[in-house]
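Asks: Please see the structure below; I have some questions.
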Amino acid sequence: MLQNLHVKNLALIDEVEITFDEHLNILTGETGAGKSVLIGSIESALGKKISKDMIRPGAKEAVIELLFWIEDQKLIKEIEALDLEVEDGQIFIKRVINEKRSINKINDSTVTLNTLREVSRRLFDLHGQQEHQVLLKEKNHFIFFMLLNCVTYGKNLSVDLHYITVLREYLISVLSVGAIYRKQVHP
C-alpha cells in the first residue's frame with residue numbers, strides 16, 4: 001500500500017507531502033490545482049519517462065519519493081529476489097530528475113530504470129479515468145463479438161471457460177449500457 005508521497009520542485013509544485021490512509025483516498029480540487037501533476041509524479045517515480053522540462057523553473061532538480069508498506073510475504077520474496085532488501089515491510093522509492101539524467105533508488109540502492117519498473121509493477125496499479133471506456137469504443141466491438149460467439153457456440157479457446165463466461169456476461173452488460181448511452185446522446 002502506498003503510504004506516503006513527497007514531491008519537490010516538480011512543475012508547479014514547490015514541495016508537497018501527502019500521507020495516505022489505508023482506506024479510500026480522494027484527490028479533489030479545481031481545474032489547474034495540480035491533481036494531474038501529483039498523479040504524474042507517482043507515475044514518474046514508478047518509472048514512467050519524465051521530461052527535464054518538468055523541473056520547476058529555477059530549481060536544479062526535482063525529487064519524487066514514494067513509501068510503500070508491504071505485508072504480502074510472497075511479494076517481499078519477489079522483490080528480494082531482485083537483490084533488494086525489504087526492511088520492516090517497507091519499500092522506499094526515490095527518483096531524482098536533473099538536467100543530465102535521472103537517478104533511481106529503491107531503499108537507498110541505486111537501480112536501473114528497468115529494475116525500478118519491475119518492482120513498481122508489483123507494487124502499484126494506476127488507471128486513468130477513461131481507460132475503462134475501451135469497451136465502449138466501436139472499434140473494439142468486433143473482438144468482443146468474437147469472444148461472445150466462441151462462448152455461445154462452444155468453440156474451444158483453451159482458456160478457462162468460467163472466466164470466458166463471466167467475461168461474456170460482463171461484455172453483454174457493458175455493450176447494453178453503451179447502446180443505451182448512445183441512444184440518449186444521439187437519439
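Each chain in the C-alpha cells gets a letter, A, B, ..., in the order shown, and its residues are numbered from 1; ligands are numbered from 1 in order too.
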Neighbours of range 47-54 of chain A within 12 Å (only C-alpha atoms; same-chain residues fewer than 3 positions away dropped), as a VMD selection string?
Replies: chain A and resid 7 to 14 37 39 to 44 57 to 66 93 to 106 111 to 121 124 126
Asks: Identify, on the basis of only C-alpha atoms, every residue whose closest approach to range 15-27 of chain A does not exceed 8 Å; exclude the query and any residue fewer than 5 positions from it along the same chain; express the result as a PyMOL selection string.
Replies: chain A and resi 1-9+35
Asks: Pull N, CA and C atoms from the residues just selected and write them as a JSON list (two decimals), in the first residue's frame.
Replies:
```json
[["chain", "number", "residue", "atom", "x", "y", "z"],
["A", 1, "MET", "N", 0.83, -1.17, 0.00],
["A", 1, "MET", "CA", 0.00, 0.00, 0.00],
["A", 1, "MET", "C", 0.89, 1.25, 0.00],
["A", 2, "LEU", "N", 0.54, 2.21, -0.84],
["A", 2, "LEU", "CA", 1.25, 3.48, -0.85],
["A", 2, "LEU", "C", 0.90, 4.24, 0.43],
["A", 3, "GLN", "N", 1.94, 4.57, 1.20],
["A", 3, "GLN", "CA", 1.73, 5.28, 2.46],
["A", 3, "GLN", "C", 1.99, 6.76, 2.34],
["A", 4, "ASN", "N", 3.00, 7.11, 1.54],
["A", 4, "ASN", "CA", 3.42, 8.49, 1.54],
["A", 4, "ASN", "C", 3.96, 8.89, 0.17],
["A", 5, "LEU", "N", 3.67, 10.12, -0.21],
["A", 5, "LEU", "CA", 4.19, 10.72, -1.44],
["A", 5, "LEU", "C", 4.83, 12.05, -1.06],
["A", 6, "HIS", "N", 6.07, 12.24, -1.51],
["A", 6, "HIS", "CA", 6.76, 13.51, -1.30],
["A", 6, "HIS", "C", 7.27, 13.98, -2.66],
["A", 7, "VAL", "N", 6.92, 15.21, -3.02],
["A", 7, "VAL", "CA", 7.32, 15.78, -4.31],
["A", 7, "VAL", "C", 7.95, 17.14, -4.05],
["A", 8, "LYS", "N", 9.10, 17.37, -4.73],
["A", 8, "LYS", "CA", 9.78, 18.66, -4.56],
["A", 8, "LYS", "C", 10.26, 19.14, -5.93],
["A", 9, "ASN", "N", 9.96, 20.39, -6.24],
["A", 9, "ASN", "CA", 10.43, 21.08, -7.46],
["A", 9, "ASN", "C", 9.97, 20.41, -8.75],
["A", 35, "LYS", "N", -3.76, 18.24, -9.47],
["A", 35, "LYS", "CA", -4.07, 16.81, -9.26],
["A", 35, "LYS", "C", -3.34, 15.95, -10.28]]
```
Asks: So how many Å separate CA of Ile55 in chain A and CA of Glu30 in chain A, to one decimal?
Replies: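 Separation between CA of Ile55 in chain A and CA of Glu30 in chain A: 22.6 Å.
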Asks: Which one is closest to Ser109 in chain A: A:Leu46, A:Leu75, A:Leu82, A:Ile172? Count only C-alpha atoms.
Replies: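 So, comparing all the options, the nearest one is A:Leu82.
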Asks: From a DSSP pass on the backbone, collect the residues of range 13-54 of chain A flagged as strand (DSSP E or B) and hand them back as a ChimeraX atom specification.
Replies: /A:13-19
Asks: Quick one, how far is CA of Trp69 in chain A from CA of Gly34 in chain A?
Replies: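 So the answer is 25.3 Å.
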Asks: Kindly indicate which residue among A:Arg56, A:Phe92, A:Ser36, A:Ser173 lies nearest to Leu123 in chain A, using only C-alpha atoms for the distances.
Replies: A:Phe92
Asks: Near Ile76 in chain A, within 10 Å and counting only C-alpha atoms, which residues show up once chain neighbours fewer than 5 positions away are dropped, as an mmCIF file with all heavy atoms, in the first residue's frame?
Replies:
```cif
data_model
loop_
_atom_site.group_PDB
_atom_site.id
_atom_site.type_symbol
_atom_site.label_atom_id
_atom_site.label_comp_id
_atom_site.auth_asym_id
_atom_site.auth_seq_id
_atom_site.Cartn_x
_atom_site.Cartn_y
_atom_site.Cartn_z
ATOM 1 N N ILE A 70 4.364 -3.162 2.740
ATOM 2 C CA ILE A 70 4.012 -4.456 2.151
ATOM 3 C C ILE A 70 3.888 -5.493 3.255
ATOM 4 O O ILE A 70 4.804 -5.658 4.070
ATOM 5 C CB ILE A 70 5.104 -4.929 1.165
ATOM 6 C CG1 ILE A 70 5.411 -3.863 0.145
ATOM 7 C CG2 ILE A 70 4.685 -6.219 0.494
ATOM 8 C CD1 ILE A 70 6.638 -4.172 -0.672
ATOM 9 N N GLU A 71 2.770 -6.210 3.250
ATOM 10 C CA GLU A 71 2.587 -7.311 4.193
ATOM 11 C C GLU A 71 2.687 -8.669 3.504
ATOM 12 O O GLU A 71 2.960 -9.663 4.153
ATOM 13 C CB GLU A 71 1.224 -7.186 4.880
ATOM 14 C CG GLU A 71 1.120 -5.971 5.782
ATOM 15 C CD GLU A 71 -0.255 -5.831 6.398
ATOM 16 O OE1 GLU A 71 -1.255 -6.125 5.706
ATOM 17 O OE2 GLU A 71 -0.330 -5.429 7.563
ATOM 18 N N ALA A 81 14.270 -11.164 -4.421
ATOM 19 C CA ALA A 81 14.901 -11.947 -5.489
ATOM 20 C C ALA A 81 15.574 -11.042 -6.529
ATOM 21 O O ALA A 81 16.421 -11.492 -7.294
ATOM 22 C CB ALA A 81 13.867 -12.853 -6.162
ATOM 23 N N LEU A 84 17.192 -6.745 -3.743
ATOM 24 C CA LEU A 84 16.814 -5.548 -2.994
ATOM 25 C C LEU A 84 16.338 -5.963 -1.611
ATOM 26 O O LEU A 84 15.623 -6.955 -1.471
ATOM 27 C CB LEU A 84 15.695 -4.790 -3.720
ATOM 28 C CG LEU A 84 16.070 -4.219 -5.076
ATOM 29 C CD1 LEU A 84 14.822 -3.802 -5.831
ATOM 30 C CD2 LEU A 84 17.016 -3.039 -4.919
ATOM 31 N N GLU A 85 16.735 -5.206 -0.607
ATOM 32 C CA GLU A 85 16.301 -5.500 0.755
ATOM 33 C C GLU A 85 14.944 -4.867 1.023
ATOM 34 O O GLU A 85 14.685 -3.746 0.606
ATOM 35 C CB GLU A 85 17.301 -4.947 1.772
ATOM 36 C CG GLU A 85 18.529 -5.803 1.940
ATOM 37 C CD GLU A 85 19.387 -5.308 3.092
ATOM 38 O OE1 GLU A 85 18.820 -4.939 4.146
ATOM 39 O OE2 GLU A 85 20.610 -5.291 2.917
ATOM 40 N N VAL A 86 14.113 -5.608 1.743
ATOM 41 C CA VAL A 86 12.837 -5.065 2.206
ATOM 42 C C VAL A 86 12.930 -5.051 3.723
ATOM 43 O O VAL A 86 12.981 -6.092 4.357
ATOM 44 C CB VAL A 86 11.640 -5.931 1.744
ATOM 45 C CG1 VAL A 86 10.346 -5.364 2.291
ATOM 46 C CG2 VAL A 86 11.601 -6.012 0.226
ATOM 47 N N GLU A 87 13.001 -3.844 4.283
ATOM 48 C CA GLU A 87 13.173 -3.701 5.718
ATOM 49 C C GLU A 87 11.850 -3.354 6.377
ATOM 50 O O GLU A 87 11.194 -2.385 6.003
ATOM 51 C CB GLU A 87 14.181 -2.579 5.984
ATOM 52 C CG GLU A 87 15.228 -2.953 7.007
ATOM 53 C CD GLU A 87 16.242 -1.853 7.145
ATOM 54 O OE1 GLU A 87 17.138 -1.774 6.287
ATOM 55 O OE2 GLU A 87 16.119 -1.072 8.107
ATOM 56 N N GLY A 89 8.993 -4.472 6.038
ATOM 57 C CA GLY A 89 7.863 -4.421 5.119
ATOM 58 C C GLY A 89 7.746 -3.113 4.351
ATOM 59 O O GLY A 89 6.692 -2.811 3.799
ATOM 60 N N GLN A 90 8.816 -2.320 4.339
ATOM 61 C CA GLN A 90 8.748 -1.028 3.664
ATOM 62 C C GLN A 90 9.637 -0.983 2.433
ATOM 63 O O GLN A 90 10.747 -1.513 2.422
ATOM 64 C CB GLN A 90 9.154 0.092 4.615
ATOM 65 C CG GLN A 90 8.144 0.303 5.725
ATOM 66 C CD GLN A 90 8.456 1.530 6.548
ATOM 67 O OE1 GLN A 90 9.602 1.930 6.699
ATOM 68 N NE2 GLN A 90 7.422 2.143 7.096
ATOM 69 N N ILE A 91 9.108 -0.338 1.394
ATOM 70 C CA ILE A 91 9.862 -0.064 0.174
ATOM 71 C C ILE A 91 9.842 1.451 -0.010
ATOM 72 O O ILE A 91 8.781 2.068 -0.046
ATOM 73 C CB ILE A 91 9.218 -0.736 -1.064
ATOM 74 C CG1 ILE A 91 9.286 -2.243 -0.963
ATOM 75 C CG2 ILE A 91 9.883 -0.252 -2.348
ATOM 76 C CD1 ILE A 91 10.645 -2.835 -1.207
ATOM 77 N N ARG A 122 4.866 -4.480 -9.463
ATOM 78 C CA ARG A 122 4.402 -5.366 -8.391
ATOM 79 C C ARG A 122 3.739 -4.592 -7.244
ATOM 80 O O ARG A 122 2.968 -5.142 -6.486
ATOM 81 C CB ARG A 122 5.574 -6.168 -7.843
ATOM 82 C CG ARG A 122 6.117 -7.204 -8.776
ATOM 83 C CD ARG A 122 7.390 -7.830 -8.190
ATOM 84 N NE ARG A 122 7.712 -9.097 -8.788
ATOM 85 C CZ ARG A 122 8.422 -9.251 -9.893
ATOM 86 N NH1 ARG A 122 8.841 -8.184 -10.546
ATOM 87 N NH2 ARG A 122 8.687 -10.448 -10.368
#
```
Asks: How many Å lie between CA of Ala45 in chain A and CA of Asp83 in chain A, rounded to one decimal?
Replies: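 Atom-to-atom, CA of Ala45 in chain A and CA of Asp83 in chain A are spaced 19.5 Å apart.
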